>>> print(open('data-v5.txt').read())   # compact mmCIF, C-alpha atoms and all ligand atoms
# COMPACT_ATOMS: atom_id res chain seq x y z
CA MET A 1 -17.14 29.25 12.88
CA LYS A 2 -15.70 29.85 9.42
CA LEU A 3 -17.18 27.71 6.66
CA SER A 4 -13.89 25.96 5.87
CA ARG A 5 -13.35 25.16 9.56
CA TRP A 6 -16.93 23.91 9.84
CA VAL A 7 -16.49 21.69 6.81
CA ALA A 8 -13.27 20.29 8.23
CA THR A 9 -14.89 19.66 11.63
CA ALA A 10 -17.90 18.03 10.03
CA ALA A 11 -15.65 15.86 7.88
CA VAL A 12 -13.80 14.64 10.97
CA ALA A 13 -17.11 13.98 12.74
CA VAL A 14 -18.42 11.99 9.78
CA ALA A 15 -15.15 10.09 9.55
CA THR A 16 -15.35 9.36 13.28
CA VAL A 17 -18.89 8.04 13.07
CA ALA A 18 -18.03 6.05 9.98
CA THR A 19 -15.01 4.73 11.79
CA LEU A 20 -16.98 3.61 14.81
CA ASN A 21 -19.67 2.08 12.63
CA THR A 22 -17.22 0.08 10.63
CA LEU A 23 -15.21 -1.21 13.58
CA PRO A 24 -15.03 -4.92 12.89
CA ALA A 25 -15.74 -7.16 15.84
CA ALA A 26 -12.03 -7.92 16.08
CA ALA A 27 -11.38 -11.35 17.56
CA GLY A 28 -15.13 -11.74 17.98
CA ARG A 29 -15.39 -9.04 20.65
CA GLN A 30 -16.86 -5.57 20.82
CA TYR A 31 -15.13 -2.66 22.55
CA ASP A 32 -16.15 -2.52 26.20
CA PRO A 33 -15.68 0.97 27.73
CA THR A 34 -15.25 -0.50 31.20
CA ASP A 35 -12.36 -2.80 30.23
CA GLN A 36 -8.87 -1.26 30.32
CA SER A 37 -6.96 -4.30 29.05
CA LEU A 38 -4.61 -3.83 26.11
CA ARG A 39 -6.66 -6.13 23.91
CA ASN A 40 -9.89 -4.27 24.59
CA LEU A 41 -8.34 -0.83 24.09
CA GLY A 42 -6.90 -2.10 20.79
CA LEU A 43 -10.43 -2.82 19.56
CA ARG A 44 -11.01 0.93 19.22
CA HIS A 45 -8.45 0.90 16.43
CA ASN A 46 -9.05 -2.66 15.20
CA LEU A 47 -5.45 -3.21 16.32
CA TYR A 48 -4.46 -6.60 17.70
CA LEU A 49 -2.23 -6.59 20.78
CA GLY A 50 -0.15 -9.72 21.13
CA THR A 51 2.47 -11.60 23.07
CA ALA A 52 4.89 -14.40 22.44
CA VAL A 53 3.93 -17.36 24.60
CA ASP A 54 6.32 -19.62 26.49
CA MET A 55 4.39 -22.89 26.60
CA ALA A 56 6.18 -24.16 29.71
CA ALA A 57 5.03 -21.07 31.59
CA LEU A 58 1.51 -21.30 30.16
CA ASP A 59 1.24 -24.87 31.45
CA ASP A 60 2.85 -24.32 34.84
CA PRO A 61 0.20 -24.80 37.55
CA ALA A 62 2.48 -23.02 40.01
CA ASP A 63 2.45 -19.89 37.83
CA PRO A 64 -1.25 -19.17 37.19
CA ARG A 65 -0.81 -15.42 36.62
CA TYR A 66 1.08 -16.09 33.39
CA ARG A 67 -1.82 -17.95 31.81
CA GLN A 68 -4.38 -15.51 33.14
CA ILE A 69 -2.59 -12.47 31.68
CA VAL A 70 -2.03 -14.11 28.27
CA GLY A 71 -5.77 -14.66 28.06
CA SER A 72 -6.98 -11.36 29.44
CA GLU A 73 -4.55 -8.79 27.98
CA PHE A 74 -3.87 -10.01 24.46
CA SER A 75 -5.86 -10.61 21.28
CA THR A 76 -3.12 -12.38 19.34
CA VAL A 77 -0.49 -14.90 20.38
CA THR A 78 2.78 -16.15 18.87
CA ALA A 79 4.54 -19.36 19.85
CA GLU A 80 7.89 -18.25 21.27
CA ASN A 81 9.47 -21.59 20.32
CA VAL A 82 7.04 -24.44 19.70
CA MET A 83 6.30 -23.79 16.01
CA LYS A 84 9.98 -23.80 15.10
CA TRP A 85 11.30 -26.69 13.03
CA GLU A 86 13.37 -28.30 15.84
CA SER A 87 10.23 -28.45 18.00
CA LEU A 88 7.84 -29.68 15.31
CA GLU A 89 10.06 -32.34 13.74
CA PRO A 90 12.76 -33.33 16.27
CA THR A 91 13.13 -36.68 14.51
CA ARG A 92 13.09 -36.81 10.75
CA GLY A 93 9.65 -37.68 9.39
CA SER A 94 7.97 -37.66 12.80
CA TYR A 95 6.02 -34.57 13.77
CA ASP A 96 5.16 -33.48 17.27
CA TRP A 97 2.30 -31.00 17.02
CA ALA A 98 1.17 -31.23 20.65
CA ALA A 99 2.48 -27.96 22.10
CA ALA A 100 1.72 -25.89 19.01
CA ASP A 101 -1.78 -27.33 18.77
CA GLU A 102 -2.31 -26.55 22.43
CA LEU A 103 -1.50 -22.90 21.81
CA VAL A 104 -3.88 -22.76 18.84
CA THR A 105 -6.63 -24.26 21.02
CA PHE A 106 -5.88 -21.78 23.82
CA ALA A 107 -6.15 -18.96 21.29
CA ARG A 108 -9.50 -20.18 20.02
CA GLN A 109 -10.83 -20.46 23.57
CA HIS A 110 -9.75 -16.87 24.25
CA ASP A 111 -10.88 -15.28 20.96
CA GLN A 112 -7.31 -14.69 19.89
CA ARG A 113 -5.65 -14.75 16.50
CA VAL A 114 -2.42 -16.65 15.98
CA ARG A 115 0.79 -15.42 14.38
CA GLY A 116 2.66 -18.43 13.04
CA HIS A 117 6.39 -18.29 13.82
CA VAL A 118 8.43 -19.43 11.88
CA LEU A 119 8.82 -21.33 8.59
CA ALA A 120 12.28 -20.55 7.12
CA TRP A 121 14.91 -19.47 9.65
CA GLN A 122 18.54 -20.42 10.18
CA ASN A 123 18.17 -20.99 13.94
CA GLN A 124 16.48 -23.74 15.93
CA LEU A 125 16.68 -26.20 13.05
CA PRO A 126 16.58 -29.90 13.94
CA LYS A 127 19.94 -31.55 14.45
CA TRP A 128 19.17 -34.28 11.92
CA LEU A 129 18.85 -31.59 9.27
CA THR A 130 21.98 -29.55 10.05
CA ASP A 131 24.05 -32.71 10.71
CA GLY A 132 22.84 -34.23 7.44
CA VAL A 133 23.91 -31.17 5.50
CA ALA A 134 27.24 -31.00 7.34
CA ASP A 135 28.14 -34.66 6.69
CA GLY A 136 26.98 -34.54 3.06
CA SER A 137 24.14 -37.06 3.45
CA ILE A 138 21.67 -34.31 2.54
CA SER A 139 22.54 -32.60 -0.76
CA ASN A 140 21.49 -29.04 -1.53
CA ALA A 141 18.81 -30.32 -3.93
CA GLN A 142 17.45 -32.58 -1.20
CA LEU A 143 17.62 -29.70 1.25
CA ARG A 144 15.43 -27.58 -1.01
CA ASP A 145 12.91 -30.43 -1.19
CA LEU A 146 13.00 -30.75 2.60
CA LEU A 147 12.27 -27.05 3.04
CA HIS A 148 9.41 -27.32 0.55
CA LYS A 149 8.01 -30.32 2.43
CA HIS A 150 8.44 -28.62 5.80
CA ILE A 151 6.58 -25.50 4.73
CA THR A 152 3.85 -27.51 3.02
CA ASP A 153 3.34 -29.87 5.97
CA VAL A 154 3.35 -27.15 8.64
CA VAL A 155 1.18 -24.63 6.80
CA THR A 156 -1.25 -27.39 5.80
CA HIS A 157 -1.46 -28.66 9.38
CA PHE A 158 -2.48 -25.21 10.63
CA ARG A 159 -4.46 -24.15 7.55
CA GLY A 160 -7.27 -21.78 8.44
CA LYS A 161 -5.94 -21.27 11.98
CA ILE A 162 -3.07 -18.87 11.37
CA TRP A 163 -3.66 -15.17 10.74
CA GLN A 164 -0.09 -14.15 9.86
CA TRP A 165 2.81 -16.48 9.09
CA ASP A 166 6.41 -15.40 9.52
CA VAL A 167 7.44 -17.18 6.34
CA VAL A 168 11.05 -16.01 6.21
CA ASN A 169 12.85 -14.68 9.27
CA GLU A 170 16.08 -12.71 9.63
CA ALA A 171 17.46 -13.42 6.15
CA VAL A 172 19.53 -10.24 5.96
CA SER A 173 22.93 -9.67 7.57
CA ASP A 174 23.90 -6.82 9.87
CA PRO A 175 26.65 -4.25 9.40
CA TRP A 176 28.72 -6.02 12.08
CA ASP A 177 28.71 -9.31 10.14
CA THR A 178 31.47 -10.37 7.74
CA PRO A 179 31.50 -9.06 5.10
CA PRO A 180 29.97 -5.85 6.49
CA THR A 181 28.16 -5.07 3.24
CA LEU A 182 24.59 -6.24 3.69
CA HIS A 183 23.84 -9.59 2.14
CA TYR A 184 21.54 -12.59 2.48
CA LYS A 185 22.99 -14.56 5.36
CA GLY A 186 22.68 -17.88 7.10
CA PHE A 187 22.03 -21.54 6.46
CA TRP A 188 19.37 -21.24 3.76
CA ALA A 189 21.04 -18.57 1.64
CA GLU A 190 24.38 -20.39 1.91
CA HIS A 191 22.96 -23.68 0.66
CA LEU A 192 20.10 -22.66 -1.61
CA GLY A 193 20.96 -19.10 -2.66
CA PRO A 194 18.64 -16.13 -2.03
CA ASP A 195 15.86 -17.55 -4.21
CA TYR A 196 14.76 -19.70 -1.29
CA ILE A 197 12.94 -16.58 -0.09
CA ALA A 198 10.60 -16.38 -3.11
CA ASP A 199 10.17 -20.17 -3.04
CA ALA A 200 9.20 -20.12 0.64
CA PHE A 201 6.45 -17.56 0.06
CA ARG A 202 5.10 -19.47 -2.95
CA TRP A 203 5.08 -22.76 -1.06
CA ALA A 204 3.35 -21.18 1.93
CA ARG A 205 0.69 -19.63 -0.30
CA ALA A 206 0.07 -22.95 -2.05
CA ALA A 207 -0.67 -24.54 1.33
CA ASP A 208 -2.90 -21.80 2.76
CA PRO A 209 -4.71 -19.34 0.48
CA LYS A 210 -5.86 -17.12 3.36
CA ALA A 211 -2.97 -16.61 5.78
CA LEU A 212 -1.09 -13.32 5.53
CA LEU A 213 2.51 -14.06 4.60
CA PHE A 214 5.17 -11.95 6.33
CA TYR A 215 8.88 -11.32 6.05
CA ASN A 216 10.14 -10.72 9.62
CA ASP A 217 13.36 -9.07 10.77
CA TYR A 218 15.05 -6.91 13.42
CA ASN A 219 16.76 -3.53 13.08
CA ILE A 220 14.32 -2.42 10.40
CA GLU A 221 12.31 -0.03 12.57
CA ALA A 222 13.51 3.06 10.66
CA PHE A 223 15.38 4.01 7.51
CA GLY A 224 18.70 5.81 7.65
CA SER A 225 20.14 4.47 10.86
CA GLY A 226 23.86 4.07 10.26
CA ASP A 227 25.63 4.13 6.93
CA PRO A 228 23.15 5.07 4.18
CA ALA A 229 24.91 2.74 1.74
CA ASN A 230 24.42 -0.12 4.17
CA ASP A 231 20.93 0.46 5.52
CA LYS A 232 19.18 -2.78 6.51
CA THR A 233 15.72 -1.24 6.31
CA GLN A 234 16.44 -0.12 2.75
CA PHE A 235 17.78 -3.57 1.91
CA VAL A 236 14.59 -5.23 3.15
CA TYR A 237 12.49 -2.61 1.36
CA ASP A 238 14.31 -3.31 -1.93
CA MET A 239 13.92 -7.04 -1.35
CA ALA A 240 10.16 -6.72 -0.78
CA LYS A 241 9.77 -4.49 -3.83
CA GLY A 242 11.69 -7.01 -5.92
CA LEU A 243 9.57 -9.91 -4.66
CA LEU A 244 6.36 -8.03 -5.46
CA ALA A 245 7.63 -7.17 -8.94
CA ARG A 246 8.14 -10.89 -9.55
CA GLY A 247 4.61 -11.71 -8.37
CA VAL A 248 5.75 -13.41 -5.16
CA PRO A 249 2.84 -13.61 -2.68
CA ILE A 250 4.26 -11.56 0.20
CA ASP A 251 1.64 -9.69 2.25
CA GLY A 252 3.53 -7.99 5.03
CA ILE A 253 6.69 -6.87 6.75
CA GLY A 254 7.14 -7.72 10.41
CA SER A 255 9.41 -5.35 12.27
CA GLN A 256 10.53 -7.21 15.36
CA GLY A 257 11.23 -4.24 17.61
CA HIS A 258 13.96 -5.64 19.87
CA LEU A 259 15.40 -2.42 21.24
CA GLY A 260 17.82 -1.52 24.02
CA THR A 261 17.87 1.65 26.07
CA GLN A 262 21.69 1.78 25.84
CA TYR A 263 21.51 2.47 22.12
CA GLY A 264 20.49 5.51 20.13
CA ASN A 265 16.77 5.03 19.70
CA TYR A 266 14.15 6.29 17.29
CA ASP A 267 11.45 8.92 17.44
CA THR A 268 7.89 8.29 16.37
CA LEU A 269 8.12 10.18 13.10
CA GLN A 270 11.09 8.12 11.91
CA VAL A 271 9.26 4.89 12.62
CA VAL A 272 6.00 6.10 11.04
CA ALA A 273 7.95 7.01 7.90
CA ALA A 274 9.37 3.49 7.67
CA LEU A 275 6.03 1.76 8.21
CA LYS A 276 4.31 3.97 5.67
CA LYS A 277 7.01 3.37 3.10
CA PHE A 278 6.49 -0.37 3.44
CA SER A 279 2.71 -0.06 3.31
CA ALA A 280 2.97 2.18 0.24
CA LEU A 281 4.20 -0.95 -1.53
CA GLY A 282 0.80 -2.50 -0.78
CA LEU A 283 2.08 -4.45 2.21
CA ALA A 284 0.69 -4.79 5.72
CA THR A 285 3.07 -4.09 8.58
CA ALA A 286 3.26 -5.33 12.16
CA PHE A 287 5.46 -5.09 15.20
CA THR A 288 6.14 -8.71 15.97
CA GLU A 289 8.61 -9.11 18.85
CA VAL A 290 8.78 -5.90 20.83
CA ASP A 291 10.88 -5.69 23.96
CA VAL A 292 13.19 -2.97 25.24
CA ARG A 293 16.07 -4.19 27.37
CA SER A 294 18.57 -2.33 29.53
CA GLU A 295 21.98 -2.96 30.99
CA VAL A 296 21.65 -4.05 34.60
CA THR A 297 24.15 -4.75 37.31
CA GLU A 298 23.59 -6.52 40.55
CA GLY A 299 22.48 -4.35 43.43
CA MET A 300 21.33 -1.48 41.22
CA GLY A 301 19.18 0.93 43.18
CA SER A 302 16.03 2.73 42.12
CA ASN A 303 18.08 5.77 41.03
CA GLU A 304 19.54 3.62 38.29
CA ILE A 305 16.53 1.44 37.59
CA ASN A 306 13.93 4.19 37.26
CA PRO A 307 15.54 5.99 34.31
CA ARG A 308 15.89 2.64 32.55
CA LEU A 309 12.24 1.84 33.07
CA GLN A 310 11.38 5.30 31.80
CA ALA A 311 13.57 4.90 28.70
CA SER A 312 12.12 1.46 28.04
CA ALA A 313 8.57 2.81 28.29
CA ALA A 314 9.46 5.65 25.89
CA ASN A 315 10.61 3.14 23.29
CA TYR A 316 7.46 1.04 23.63
CA HIS A 317 5.53 4.27 23.17
CA VAL A 318 7.38 5.23 19.98
CA LEU A 319 6.73 1.86 18.36
CA LEU A 320 3.07 1.64 19.34
CA GLN A 321 2.30 5.23 18.39
CA ALA A 322 3.94 4.67 15.00
CA CYS A 323 1.94 1.48 14.50
CA LEU A 324 -1.27 3.32 15.35
CA ALA A 325 -0.39 6.00 12.78
CA ASP A 326 -0.09 3.48 9.93
CA ARG A 327 -3.50 2.06 9.05
CA HIS A 328 -1.78 -0.99 7.60
CA CYS A 329 -0.02 -1.86 10.87
CA LEU A 330 -2.25 -4.74 11.92
CA SER A 331 -0.77 -5.95 15.18
CA PHE A 332 1.63 -5.05 17.96
CA THR A 333 3.16 -8.08 19.63
CA VAL A 334 5.50 -8.06 22.62
CA TRP A 335 8.13 -10.80 22.89
CA GLY A 336 6.93 -12.03 26.24
CA PHE A 337 5.26 -9.69 28.69
CA THR A 338 6.98 -10.40 32.00
CA ASP A 339 10.60 -10.11 33.09
CA LYS A 340 9.99 -13.48 34.78
CA HIS A 341 10.03 -15.23 31.39
CA SER A 342 12.28 -13.35 29.00
CA TRP A 343 14.90 -14.50 26.51
CA VAL A 344 17.00 -11.40 27.29
CA PRO A 345 19.01 -12.31 30.43
CA GLY A 346 19.89 -15.72 28.93
CA THR A 347 21.22 -14.12 25.75
CA PHE A 348 22.79 -10.82 26.79
CA THR A 349 25.00 -10.85 29.86
CA ASN A 350 23.89 -8.27 32.41
CA GLU A 351 20.84 -7.11 30.49
CA GLY A 352 17.19 -7.33 31.41
CA LEU A 353 14.14 -5.30 32.49
CA ALA A 354 12.86 -5.65 28.91
CA ASN A 355 9.17 -6.38 29.39
CA ILE A 356 5.99 -4.56 30.34
CA TYR A 357 5.41 -6.45 33.62
CA ASP A 358 8.10 -7.09 36.22
CA GLU A 359 9.09 -10.51 37.57
CA ASN A 360 6.17 -10.43 40.03
CA TYR A 361 3.62 -9.56 37.36
CA GLN A 362 3.37 -5.96 38.47
CA PRO A 363 2.65 -3.76 35.44
CA LYS A 364 5.57 -1.43 34.71
CA ARG A 365 5.47 2.08 33.36
CA ALA A 366 5.68 0.68 29.82
CA TYR A 367 2.37 -1.15 30.30
CA ASN A 368 0.55 2.02 31.26
CA VAL A 369 2.22 3.98 28.50
CA LEU A 370 0.88 1.45 25.98
CA ARG A 371 -2.59 1.78 27.44
CA GLY A 372 -2.34 5.57 27.28
CA ASP A 373 -1.33 5.38 23.63
CA LEU A 374 -4.37 3.25 22.84
CA ILE A 375 -6.73 5.48 24.84
CA TYR A 376 -5.61 8.91 23.65
CA ALA A 377 -5.49 8.12 19.95
CA GLY A 378 -8.19 8.65 17.37
CA PRO A 379 -9.12 10.56 14.23
CA PRO A 380 -7.85 12.36 12.29
CA TYR A 381 -4.32 10.95 12.76
CA VAL A 382 -5.24 7.50 14.00
CA LEU A 383 -7.88 5.62 12.07
CA PRO A 384 -8.85 1.95 12.23
CA ARG A 385 -6.70 -0.62 10.50
CA VAL A 386 -7.28 -1.47 6.86
CA PRO A 387 -7.57 -5.24 6.57
CA GLN A 388 -5.02 -6.83 4.25
CA LYS A 389 -6.11 -9.19 1.48
CA PRO A 390 -3.81 -12.18 0.98
CA ARG A 391 -1.95 -11.80 -2.30
CA ARG A 392 -2.27 -14.64 -4.81
O1 LIG A 401 14.24 -26.68 25.08
C1 LIG A 401 15.54 -26.64 25.68
C2 LIG A 401 15.53 -27.35 26.99
O2 LIG A 401 15.24 -28.71 26.77
C3 LIG A 401 16.89 -27.15 27.65
O3 LIG A 401 16.86 -27.72 28.93
C4 LIG A 401 17.23 -25.67 27.77
C5 LIG A 401 18.61 -25.44 28.36
O4 LIG A 401 19.16 -24.22 27.92
O5 LIG A 401 17.20 -25.12 26.50
C6 LIG A 401 15.94 -25.20 25.89
O6 LIG A 401 15.98 -24.57 24.63
C7 LIG A 401 16.05 -23.17 24.64
C8 LIG A 401 14.82 -22.65 23.90
O7 LIG A 401 14.91 -21.24 23.76
C9 LIG A 401 13.52 -22.99 24.62
O8 LIG A 401 13.50 -22.42 25.88
C10 LIG A 401 17.31 -22.74 23.95
O9 LIG A 401 18.44 -23.10 24.72
C11 LIG A 401 17.30 -21.24 23.71
O10 LIG A 401 18.40 -20.90 22.88
C12 LIG A 401 16.03 -20.84 23.01
O11 LIG A 401 16.04 -19.43 22.86
C13 LIG A 401 15.07 -18.87 22.00
C14 LIG A 401 15.76 -18.14 20.86
O12 LIG A 401 14.78 -17.53 20.02
C15 LIG A 401 16.62 -19.08 20.02
O13 LIG A 401 17.21 -18.40 18.96
C16 LIG A 401 14.23 -17.89 22.79
O14 LIG A 401 13.47 -18.58 23.78
C17 LIG A 401 13.30 -17.12 21.87
O15 LIG A 401 12.70 -16.08 22.57
C18 LIG A 401 14.08 -16.53 20.70
O16 LIG A 401 13.18 -15.89 19.83
C19 LIG A 401 13.74 -15.21 18.71
C20 LIG A 401 12.71 -15.27 17.60
O17 LIG A 401 12.32 -16.59 17.36
C21 LIG A 401 13.24 -14.60 16.33
N1 LIG A 401 13.71 -13.27 16.59
C22 LIG A 401 14.63 -13.11 17.69
C23 LIG A 401 14.06 -13.73 18.97
C24 LIG A 401 14.96 -13.49 20.14
O18 LIG A 401 16.17 -14.16 19.97
>>> encode(input="data-v5.txt", output="structure tokens")
Amino acid sequence: MKLSRWVATAAVAVATVATLNTLPAAAGRQYDPTDQSLRNLGLRHNLYLGTAVDMAALDDPADPRYRQIVGSEFSTVTAENVMKWESLEPTRGSYDWAAADELVTFARQHDQRVRGHVLAWQNQLPKWLTDGVADGSISNAQLRDLLHKHITDVVTHFRGKIWQWDVVNEAVSDPWDTPPTLHYKGFWAEHLGPDYIADAFRWARAADPKALLFYNDYNIEAFGSGDPANDKTQFVYDMAKGLLARGVPIDGIGSQGHLGTQYGNYDTLQVVAALKKFSALGLATAFTEVDVRSEVTEGMGSNEINPRLQASAANYHVLLQACLADRHCLSFTVWGFTDKHSWVPGTFTNEGLANIYDENYQPKRAYNVLRGDLIYAGPPYVLPRVPQKPRR
């Protein structure tokens, strides 16, 4: 063997040993070579594999598989709905923590980390808040105080129990909105102006010095999709850069990863480039809500279903492989894991098949593709995650 080749091989071997030696006991567990679950395979890379959790399904005694799979396959969980403002404070001044606390307890019992979702978002706000703003009984100044109080109360309640908070969610418009030029959209920007974003991060940091604070959005998986002058990924990148320049304590960018097989999709290199551009700013990244839906019609046969399952699996693969390639991509969370409990059919007419297990909890091709990605990855291209320090 030539000297240069030997040196390179030795360097990889040393890096590999160093890598294995420094593998943190993620979620309190050590890698077990006999366990093929997603969460265990993720330990090889110190990558957390997660799911959104529907609390009604978790608590349904008639549906025990749901609870069993949440516990056995995943090392991080996100509340699909129960940490949203309308759930936590349905009546003004009166909090209902029960369901969210139950998820946090479940996570502790199963050695799982919790992604907190969500602090400032324009959807699923309590009616008393939106009605109060609409009828003028809540002024914009009072609204700002209410958002401050909400973030302080919620982050304080869960202090020390949340790994990553989605502090601000979906603040940026899409090219199909009016006006089509990208802008800060929705309830908070309309009433408080875009500075609510910096405020939200500062208020969250004041209430929990250790949680990682994320901006979370969809359609930011890659740069350059669509009109370059109106690129949402670039808009979010510029926003994050601007926040950092102002000393705002943002720690990460969550790319949701809601994809559809009927659209033009990405390749791994495009997605890696986006993640690495975000992490070059000093930010962690994460996939936070991955699912890949397809158009479905009643009575579709396997000739039509199989290619959709294949295309869905390919998209899961692209996102996970890209996450593995960025050492700052800390977690990969699916937005529900079974077609039995998915937001997709209720939101998009005639769409479904979005998850990694079917309606009967049979693992689909996408599930095995994810496992393959975790198994057949390692140095030199895939190295363990670099933990992120919360920014002050
Ligand atoms: O709780 C009520 C229940 O009392 C009522 O009987 C039932 C009748 O429709 O509705 C229930 O509320 C539903 C709620 O989910 C809880 O199941 C709402 O109608 C429904 O709109 C709501 O949908 C959620 C959606 O956010 C709301 O925007 C989905 O479950 C949830 O998966 C989805 O999650 C979002 C992320 O938070 C942010 N990113 C996009 C993602 C997908 O839309």
>>> residues_around(input="data-v5.txt", residues="Asn219 of chain A", least_positions_apart="6", cutoff="8 Å", atoms="only C-alpha atoms", output="PyMOL selection string")
chain A and resi 232-233+255-258
>>> write_last_selection(input="data-v5.txt", atoms="C-alpha atoms", output="short mmCIF file (atom, residue, chain, number, x, y, z; two decimals), in the frame of the given file")
data_model
loop_
_atom_site.label_atom_id
_atom_site.label_comp_id
_atom_site.auth_asym_id
_atom_site.auth_seq_id
_atom_site.Cartn_x
_atom_site.Cartn_y
_atom_site.Cartn_z
CA LYS A 232 19.18 -2.78 6.51
CA THR A 233 15.72 -1.24 6.31
CA SER A 255 9.41 -5.35 12.27
CA GLN A 256 10.53 -7.21 15.36
CA GLY A 257 11.23 -4.24 17.61
CA HIS A 258 13.96 -5.64 19.87
#
>>> closest_atom_pairs(input="data-v5.txt", of="segment 311-334 of chain A", to="segment 345-357 of chain A", cutoff="10 Å", atoms="only C-alpha atoms", output="CSV")
residue,atom,partner,partner_atom,distance
A:Ser312,CA,A:Ala354,CA,7.2
A:Ala313,CA,A:Ile356,CA,8.1
A:Tyr316,CA,A:Ile356,CA,8.9
A:Val334,CA,A:Asn355,CA,7.9
>>> residues_near_ligand(input="data-v5.txt", ligand="ligand LIG 401 (chain A)", cutoff="6 Å", atoms="all atoms listed in the file", output="ChimeraX atom specification")
/A:80,123,343
>>> residues_around(input="data-v5.txt", residues="segment 239-245 of chain A", least_positions_apart="3", cutoff="9 Å", atoms="all atoms listed in the file", output="VMD selection string")
chain A and resid 197 to 198 215 234 to 236 248 to 250 252 to 253 278 281 283
>>> closest_residue(input="data-v5.txt", among="A:His191, A:Arg308, A:His117, A:His148", to="Asn216 of chain A", atoms="all atoms listed in the file")
A:His117
>>> closest_residue(input="data-v5.txt", among="A:Arg108, A:His183, A:Arg293, A:Arg159", to="Pro209 of chain A", atoms="all atoms listed in the file")
A:Arg159
>>> residues_around(input="data-v5.txt", residues="Pro126 of chain A", least_positions_apart="4", cutoff="12 Å", atoms="only C-alpha atoms", output="short mmCIF file (atom, residue, chain, number, x, y, z; two decimals) with C-alpha atoms, keeping the file's coordinate frame")
data_model
loop_
_atom_site.label_atom_id
_atom_site.label_comp_id
_atom_site.auth_asym_id
_atom_site.auth_seq_id
_atom_site.Cartn_x
_atom_site.Cartn_y
_atom_site.Cartn_z
CA LYS A 84 9.98 -23.80 15.10
CA TRP A 85 11.30 -26.69 13.03
CA GLU A 86 13.37 -28.30 15.84
CA SER A 87 10.23 -28.45 18.00
CA LEU A 88 7.84 -29.68 15.31
CA GLU A 89 10.06 -32.34 13.74
CA PRO A 90 12.76 -33.33 16.27
CA THR A 91 13.13 -36.68 14.51
CA ARG A 92 13.09 -36.81 10.75
CA GLY A 93 9.65 -37.68 9.39
CA SER A 94 7.97 -37.66 12.80
CA TYR A 95 6.02 -34.57 13.77
CA TRP A 121 14.91 -19.47 9.65
CA GLN A 122 18.54 -20.42 10.18
CA THR A 130 21.98 -29.55 10.05
CA ASP A 131 24.05 -32.71 10.71
CA GLY A 132 22.84 -34.23 7.44
CA VAL A 133 23.91 -31.17 5.50
CA LEU A 146 13.00 -30.75 2.60
CA HIS A 150 8.44 -28.62 5.80
#
>>> closest_residue(input="data-v5.txt", among="A:Arg29, A:Arg246, A:Arg202, A:Arg365", to="Asn46 of chain A", atoms="all atoms listed in the file")
A:Arg29
